[in-house]
file structure.json (JSON, N, CA and C atoms)
[["chain", "number", "residue", "atom", "x", "y", "z"],
["A", 1, "MET", "N", 1.84, 30.71, -7.04],
["A", 1, "MET", "CA", 1.75, 29.27, -7.05],
["A", 1, "MET", "C", 0.32, 28.89, -6.71],
["A", 2, "LYS", "N", -0.20, 27.93, -7.45],
["A", 2, "LYS", "CA", -1.53, 27.40, -7.20],
["A", 2, "LYS", "C", -1.45, 25.88, -7.14],
["A", 3, "TYR", "N", -2.47, 25.30, -6.55],
["A", 3, "TYR", "CA", -2.61, 23.84, -6.51],
["A", 3, "TYR", "C", -3.81, 23.46, -7.35],
["A", 4, "VAL", "N", -3.61, 22.47, -8.23],
["A", 4, "VAL", "CA", -4.71, 21.99, -9.07],
["A", 4, "VAL", "C", -4.81, 20.47, -8.95],
["A", 5, "VAL", "N", -6.02, 19.99, -9.18],
["A", 5, "VAL", "CA", -6.27, 18.55, -9.26],
["A", 5, "VAL", "C", -6.70, 18.28, -10.69],
["A", 6, "LEU", "N", -6.05, 17.34, -11.34],
["A", 6, "LEU", "CA", -6.36, 17.03, -12.73],
["A", 6, "LEU", "C", -7.62, 16.19, -12.83],
["A", 7, "LEU", "N", -8.41, 16.47, -13.88],
["A", 7, "LEU", "CA", -9.61, 15.69, -14.16],
["A", 7, "LEU", "C", -9.33, 14.63, -15.22],
["A", 8, "ALA", "N", -8.22, 14.81, -15.95],
["A", 8, "ALA", "CA", -7.79, 13.88, -16.98],
["A", 8, "ALA", "C", -6.27, 13.99, -17.07],
["A", 9, "ALA", "N", -5.65, 13.04, -17.76],
["A", 9, "ALA", "CA", -4.20, 13.09, -17.94],
["A", 9, "ALA", "C", -3.84, 14.37, -18.69],
["A", 10, "ALA", "N", -2.79, 15.04, -18.24],
["A", 10, "ALA", "CA", -2.36, 16.29, -18.88],
["A", 10, "ALA", "C", -0.90, 16.55, -18.52],
["A", 11, "TYR", "N", -0.29, 17.42, -19.31],
["A", 11, "TYR", "CA", 1.08, 17.85, -18.99],
["A", 11, "TYR", "C", 1.00, 18.97, -17.97],
["A", 12, "ALA", "N", 1.68, 18.80, -16.86],
["A", 12, "ALA", "CA", 1.75, 19.82, -15.82],
["A", 12, "ALA", "C", 3.19, 19.86, -15.32],
["A", 13, "ALA", "N", 3.75, 21.03, -15.23],
["A", 13, "ALA", "CA", 5.14, 21.22, -14.80],
["A", 13, "ALA", "C", 6.10, 20.41, -15.66],
["A", 14, "GLY", "N", 5.79, 20.31, -16.96],
["A", 14, "GLY", "CA", 6.68, 19.65, -17.90],
["A", 14, "GLY", "C", 6.64, 18.13, -17.90],
["A", 15, "GLN", "N", 5.71, 17.54, -17.17],
["A", 15, "GLN", "CA", 5.62, 16.08, -17.11],
["A", 15, "GLN", "C", 4.18, 15.65, -17.34],
["A", 16, "LEU", "N", 4.01, 14.47, -17.91],
["A", 16, "LEU", "CA", 2.68, 13.92, -18.06],
["A", 16, "LEU", "C", 2.20, 13.47, -16.68],
["A", 17, "ARG", "N", 1.11, 14.06, -16.23],
["A", 17, "ARG", "CA", 0.59, 13.76, -14.89],
["A", 17, "ARG", "C", -0.81, 13.19, -15.02],
["A", 18, "PHE", "N", -1.27, 12.51, -13.99],
["A", 18, "PHE", "CA", -2.55, 11.82, -14.00],
["A", 18, "PHE", "C", -3.39, 12.26, -12.80],
["A", 19, "PRO", "N", -4.72, 12.09, -12.88],
["A", 19, "PRO", "CA", -5.57, 12.47, -11.74],
["A", 19, "PRO", "C", -5.19, 11.75, -10.44],
["A", 20, "SER", "N", -4.65, 10.57, -10.54],
["A", 20, "SER", "CA", -4.26, 9.83, -9.33],
["A", 20, "SER", "C", -3.06, 10.45, -8.63],
["A", 21, "ASP", "N", -2.40, 11.42, -9.26],
["A", 21, "ASP", "CA", -1.25, 12.09, -8.64],
["A", 21, "ASP", "C", -1.68, 13.05, -7.53],
["A", 22, "GLY", "N", -2.96, 13.34, -7.42],
["A", 22, "GLY", "CA", -3.45, 14.24, -6.37],
["A", 22, "GLY", "C", -3.21, 15.70, -6.72],
["A", 23, "ALA", "N", -3.19, 16.55, -5.71],
["A", 23, "ALA", "CA", -3.00, 17.98, -5.91],
["A", 23, "ALA", "C", -1.58, 18.27, -6.36],
["A", 24, "LEU", "N", -1.46, 19.08, -7.40],
["A", 24, "LEU", "CA", -0.15, 19.39, -7.96],
["A", 24, "LEU", "C", 0.14, 20.88, -7.81],
["A", 25, "PRO", "N", 1.33, 21.25, -7.35],
["A", 25, "PRO", "CA", 1.69, 22.67, -7.31],
["A", 25, "PRO", "C", 2.17, 23.11, -8.69],
["A", 26, "VAL", "N", 1.54, 24.15, -9.24],
["A", 26, "VAL", "CA", 1.93, 24.70, -10.54],
["A", 26, "VAL", "C", 1.92, 26.22, -10.45],
["A", 27, "ASP", "N", 2.61, 26.88, -11.40],
["A", 27, "ASP", "CA", 2.59, 28.34, -11.37],
["A", 27, "ASP", "C", 1.22, 28.85, -11.84],
["A", 28, "ASP", "N", 0.95, 30.10, -11.59],
["A", 28, "ASP", "CA", -0.38, 30.67, -11.85],
["A", 28, "ASP", "C", -0.78, 30.57, -13.31],
["A", 29, "ASP", "N", 0.15, 30.86, -14.24],
["A", 29, "ASP", "CA", -0.17, 30.80, -15.67],
["A", 29, "ASP", "C", -0.53, 29.39, -16.11],
["A", 30, "GLU", "N", 0.26, 28.42, -15.67],
["A", 30, "GLU", "CA", 0.00, 27.04, -16.05],
["A", 30, "GLU", "C", -1.32, 26.55, -15.46],
["A", 31, "ALA", "N", -1.60, 26.96, -14.23],
["A", 31, "ALA", "CA", -2.87, 26.58, -13.60],
["A", 31, "ALA", "C", -4.03, 27.11, -14.41],
["A", 32, "GLN", "N", -3.95, 28.36, -14.86],
["A", 32, "GLN", "CA", -5.04, 28.95, -15.63],
["A", 32, "GLN", "C", -5.22, 28.23, -16.96],
["A", 33, "LYS", "N", -4.11, 27.84, -17.62],
["A", 33, "LYS", "CA", -4.20, 27.10, -18.89],
["A", 33, "LYS", "C", -4.90, 25.76, -18.68],
["A", 34, "LEU", "N", -4.54, 25.04, -17.61],
["A", 34, "LEU", "CA", -5.15, 23.73, -17.35],
["A", 34, "LEU", "C", -6.63, 23.87, -17.02],
["A", 35, "ILE", "N", -6.99, 24.90, -16.27],
["A", 35, "ILE", "CA", -8.39, 25.12, -15.90],
["A", 35, "ILE", "C", -9.20, 25.51, -17.14],
["A", 36, "ASP", "N", -8.64, 26.41, -17.98],
["A", 36, "ASP", "CA", -9.33, 26.82, -19.21],
["A", 36, "ASP", "C", -9.52, 25.66, -20.17],
["A", 37, "ALA", "N", -8.57, 24.71, -20.19],
["A", 37, "ALA", "CA", -8.67, 23.54, -21.06],
["A", 37, "ALA", "C", -9.67, 22.52, -20.51],
["A", 38, "GLY", "N", -10.12, 22.73, -19.28],
["A", 38, "GLY", "CA", -11.11, 21.82, -18.69],
["A", 38, "GLY", "C", -10.53, 20.53, -18.16],
["A", 39, "VAL", "N", -9.23, 20.50, -17.91],
["A", 39, "VAL", "CA", -8.60, 19.27, -17.42],
["A", 39, "VAL", "C", -8.15, 19.38, -15.96],
["A", 40, "ALA", "N", -8.46, 20.52, -15.31],
["A", 40, "ALA", "CA", -8.01, 20.70, -13.93],
["A", 40, "ALA", "C", -9.00, 21.55, -13.15],
["A", 41, "THR", "N", -8.96, 21.39, -11.84],
["A", 41, "THR", "CA", -9.76, 22.19, -10.91],
["A", 41, "THR", "C", -8.81, 22.84, -9.92],
["A", 42, "ASP", "N", -9.06, 24.12, -9.64],
["A", 42, "ASP", "CA", -8.22, 24.86, -8.69],
["A", 42, "ASP", "C", -8.61, 24.48, -7.27],
["A", 43, "VAL", "N", -7.66, 23.98, -6.50],
["A", 43, "VAL", "CA", -7.91, 23.60, -5.10],
["A", 43, "VAL", "C", -7.00, 24.38, -4.15],
["A", 44, "THR", "N", -6.51, 25.53, -4.60],
["A", 44, "THR", "CA", -5.61, 26.34, -3.79],
["A", 44, "THR", "C", -6.24, 26.73, -2.46],
["A", 45, "ALA", "N", -7.54, 27.00, -2.46],
["A", 45, "ALA", "CA", -8.22, 27.42, -1.23],
["A", 45, "ALA", "C", -8.15, 26.34, -0.16],
["A", 46, "ASP", "N", -8.15, 25.08, -0.56],
["A", 46, "ASP", "CA", -8.05, 23.98, 0.41],
["A", 46, "ASP", "C", -6.71, 24.01, 1.14],
["A", 47, "PHE", "N", -5.67, 24.46, 0.44],
["A", 47, "PHE", "CA", -4.34, 24.49, 1.04],
["A", 47, "PHE", "C", -4.12, 25.77, 1.84],
["A", 48, "ALA", "N", -4.85, 26.82, 1.52],
["A", 48, "ALA", "CA", -4.69, 28.08, 2.27],
["A", 48, "ALA", "C", -5.13, 27.89, 3.71],
["A", 49, "GLU", "N", -6.17, 27.09, 3.94],
["A", 49, "GLU", "CA", -6.63, 26.82, 5.30],
["A", 49, "GLU", "C", -5.58, 26.06, 6.09],
["A", 50, "ALA", "N", -4.89, 25.14, 5.44],
["A", 50, "ALA", "CA", -3.88, 24.32, 6.12],
["A", 50, "ALA", "C", -2.60, 25.11, 6.37],
["A", 51, "ALA", "N", -2.45, 26.27, 5.70],
["A", 51, "ALA", "CA", -1.23, 27.05, 5.84],
["A", 51, "ALA", "C", -1.20, 27.85, 7.13],
["A", 52, "GLU", "N", -2.31, 27.87, 7.88],
["A", 52, "GLU", "CA", -2.32, 28.60, 9.15],
["A", 52, "GLU", "C", -1.33, 27.95, 10.11],
["A", 53, "PRO", "N", -0.61, 28.76, 10.88],
["A", 53, "PRO", "CA", 0.38, 28.17, 11.79],
["A", 53, "PRO", "C", -0.27, 27.28, 12.84],
["A", 54, "VAL", "N", 0.37, 26.19, 13.09],
["A", 54, "VAL", "CA", -0.10, 25.23, 14.08],
["A", 54, "VAL", "C", 0.97, 25.12, 15.15],
["A", 55, "GLU", "N", 0.56, 25.20, 16.40],
["A", 55, "GLU", "CA", 1.54, 25.09, 17.48],
["A", 55, "GLU", "C", 2.01, 23.65, 17.58],
["A", 56, "PRO", "N", 3.31, 23.43, 17.64],
["A", 56, "PRO", "CA", 3.82, 22.06, 17.72],
["A", 56, "PRO", "C", 3.46, 21.43, 19.07],
["A", 57, "THR", "N", 3.22, 20.16, 19.03],
["A", 57, "THR", "CA", 2.93, 19.40, 20.23],
["A", 57, "THR", "C", 4.25, 18.94, 20.83],
["A", 58, "PRO", "N", 4.47, 19.18, 22.13],
["A", 58, "PRO", "CA", 5.73, 18.73, 22.72],
["A", 58, "PRO", "C", 5.79, 17.21, 22.74],
["A", 59, "PRO", "N", 6.97, 16.65, 22.62],
["A", 59, "PRO", "CA", 7.10, 15.19, 22.64],
["A", 59, "PRO", "C", 6.71, 14.64, 24.01],
["A", 60, "PRO", "N", 6.16, 13.43, 24.04],
["A", 60, "PRO", "CA", 5.78, 12.86, 25.33],
["A", 60, "PRO", "C", 7.00, 12.59, 26.21],
["A", 61, "ILE", "N", 6.81, 12.72, 27.49],
["A", 61, "ILE", "CA", 7.89, 12.46, 28.43],
["A", 61, "ILE", "C", 7.89, 10.96, 28.72],
["A", 62, "PRO", "N", 9.01, 10.30, 28.44],
["A", 62, "PRO", "CA", 9.05, 8.85, 28.66],
["A", 62, "PRO", "C", 9.01, 8.53, 30.16],
["A", 63, "GLU", "N", 8.30, 7.47, 30.47],
["A", 63, "GLU", "CA", 8.26, 7.02, 31.86],
["A", 63, "GLU", "C", 9.53, 6.23, 32.14],
["A", 64, "THR", "N", 10.23, 6.61, 33.18],
["A", 64, "THR", "CA", 11.48, 5.92, 33.51],
["A", 64, "THR", "C", 11.41, 5.41, 34.94],
["A", 65, "ALA", "N", 12.20, 4.42, 35.20],
["A", 65, "ALA", "CA", 12.30, 3.89, 36.55],
["A", 65, "ALA", "C", 13.10, 4.88, 37.39],
["A", 66, "PRO", "N", 12.89, 4.90, 38.69],
["A", 66, "PRO", "CA", 13.67, 5.82, 39.52],
["A", 66, "PRO", "C", 15.15, 5.50, 39.40],
["A", 67, "ALA", "N", 15.95, 6.53, 39.44],
["A", 67, "ALA", "CA", 17.40, 6.36, 39.30],
["A", 67, "ALA", "C", 17.95, 5.58, 40.49],
["A", 68, "SER", "N", 18.81, 4.63, 40.19],
["A", 68, "SER", "CA", 19.44, 3.87, 41.26],
["A", 68, "SER", "C", 20.64, 4.65, 41.78],
["A", 69, "GLU", "N", 21.19, 4.18, 42.86],
["A", 69, "GLU", "CA", 22.36, 4.86, 43.42],
["A", 69, "GLU", "C", 23.54, 4.71, 42.47],
["A", 70, "PRO", "N", 24.38, 5.72, 42.38],
["A", 70, "PRO", "CA", 25.52, 5.64, 41.46],
["A", 70, "PRO", "C", 26.49, 4.54, 41.89],
["A", 71, "GLN", "N", 27.11, 3.93, 40.91],
["A", 71, "GLN", "CA", 28.08, 2.88, 41.21],
["A", 71, "GLN", "C", 29.38, 3.50, 41.68],
["A", 72, "THR", "N", 30.05, 2.78, 42.55],
["A", 72, "THR", "CA", 31.37, 3.25, 42.96],
["A", 72, "THR", "C", 32.37, 2.78, 41.92],
["A", 73, "THR", "N", 33.55, 3.31, 41.95],
["A", 73, "THR", "CA", 34.54, 2.94, 40.94],
["A", 73, "THR", "C", 34.90, 1.46, 41.01],
["A", 74, "ALA", "N", 34.87, 0.87, 42.19],
["A", 74, "ALA", "CA", 35.20, -0.55, 42.31],
["A", 74, "ALA", "C", 34.11, -1.38, 41.62],
["A", 75, "GLU", "N", 32.87, -0.95, 41.71],
["A", 75, "GLU", "CA", 31.79, -1.71, 41.08],
["A", 75, "GLU", "C", 31.76, -1.50, 39.57],
["A", 76, "SER", "N", 32.22, -0.35, 39.11],
["A", 76, "SER", "CA", 32.12, -0.04, 37.70],
["A", 76, "SER", "C", 33.27, -0.59, 36.86],
["A", 77, "LYS", "N", 34.38, -1.05, 37.52],
["A", 77, "LYS", "CA", 35.51, -1.60, 36.77],
["A", 77, "LYS", "C", 35.16, -3.01, 36.32],
["A", 78, "PRO", "N", 35.58, -3.37, 35.11],
["A", 78, "PRO", "CA", 35.34, -4.75, 34.66],
["A", 78, "PRO", "C", 36.21, -5.72, 35.46],
["A", 79, "ALA", "N", 35.73, -6.93, 35.60],
["A", 79, "ALA", "CA", 36.47, -7.95, 36.33],
["A", 79, "ALA", "C", 37.76, -8.29, 35.59],
["A", 80, "ALA", "N", 38.83, -8.52, 36.34],
["A", 80, "ALA", "CA", 40.13, -8.86, 35.74],
["A", 80, "ALA", "C", 40.06, -10.26, 35.17],
["A", 81, "ARG", "N", 40.69, -10.48, 34.05],
["A", 81, "ARG", "CA", 40.71, -11.80, 33.45],
["A", 81, "ARG", "C", 41.79, -12.64, 34.10],
["A", 82, "ARG", "N", 41.46, -13.89, 34.30],
["A", 82, "ARG", "CA", 42.46, -14.82, 34.87],
["A", 82, "ARG", "C", 43.16, -15.50, 33.71],
["A", 83, "ARG", "N", 44.44, -15.66, 33.92],
["A", 83, "ARG", "CA", 45.19, -16.37, 32.88],
["A", 83, "ARG", "C", 45.06, -17.86, 33.11],
["A", 84, "SER", "N", 44.86, -18.54, 32.04],
["A", 84, "SER", "CA", 44.79, -19.99, 32.16],
["A", 84, "SER", "C", 46.21, -20.56, 32.17],
["A", 85, "ALA", "N", 46.32, -21.72, 32.75],
["A", 85, "ALA", "CA", 47.63, -22.38, 32.81],
["A", 85, "ALA", "C", 48.06, -22.77, 31.39],
["A", 86, "PRO", "N", 49.34, -22.67, 31.11],
["A", 86, "PRO", "CA", 49.79, -23.05, 29.76],
["A", 86, "PRO", "C", 49.54, -24.52, 29.53],
["A", 87, "GLN", "N", 49.09, -24.81, 28.36],
["A", 87, "GLN", "CA", 48.80, -26.21, 28.01],
["A", 87, "GLN", "C", 50.04, -26.84, 27.39],
["A", 88, "GLU", "N", 50.24, -28.08, 27.72],
["A", 88, "GLU", "CA", 51.42, -28.78, 27.22],
["A", 88, "GLU", "C", 51.14, -29.52, 25.96]]

call {"tool": "encode", "arguments": {"input": "structure.json", "output": "structure tokens"}}
result
Amino acid sequence: MKYVVLLAAAYAAGQLRFPSDGALPVDDDEAQKLIDAGVATDVTADFAEAAEPVEPTPPPIPETAPASEPQTTAESKPAARRRSAPQE
């Protein structure tokens, strides 16, 4: 697999592609045909540098307020609803 950048509109990977599409992944044979036709430049080396493993950055630890005291069961129960008097 190689990456090419088109210099003019051309068929690549079975579709009409344009230079504004950026780097396109194509198989080696197709890349060579496009380069020989003068409509593409091989940029595979640019991607080989980026393929080096990069250590992931750990997610930031969110700042939180200090934990409050746990609620007792009496505090955690919802208030009982009062029944209204029947209307006449």

call {"tool": "atom_distance", "arguments": {"input": "structure.json", "atom1": "atom C of A:Tyr11", "atom2": "atom C of A:Thr44"}}
result
18.8 Å

call {"tool": "closest_residue", "arguments": {"input": "structure.json", "among": "A:Met1, A:Leu6, A:Ala45, A:Ala40", "to": "A:Asp28", "atoms": "only C-alpha atoms"}}
result
A:Met1

call {"tool": "atom_distance", "arguments": {"input": "structure.json", "atom1": "atom N of A:Asp46", "atom2": "atom CA of A:Pro59"}}
result
29.5 Å

call {"tool": "atom_distance", "arguments": {"input": "structure.json", "atom1": "atom CA of A:Ala9", "atom2": "atom CA of A:Phe47"}}
result
22.1 Å

call {"tool": "closest_residue", "arguments": {"input": "structure.json", "among": "A:Glu30, A:Pro58, A:Thr41, A:Asp21", "to": "A:Tyr3", "atoms": "only N, CA and C atoms"}}
result
A:Thr41

call {"tool": "residues_around", "arguments": {"input": "structure.json", "residues": "A:Asp29", "least_positions_apart": "4", "cutoff": "8 Å", "atoms": "all atoms listed in the file", "output": "ChimeraX atom specification"}}
result
/A:1-2,33-35
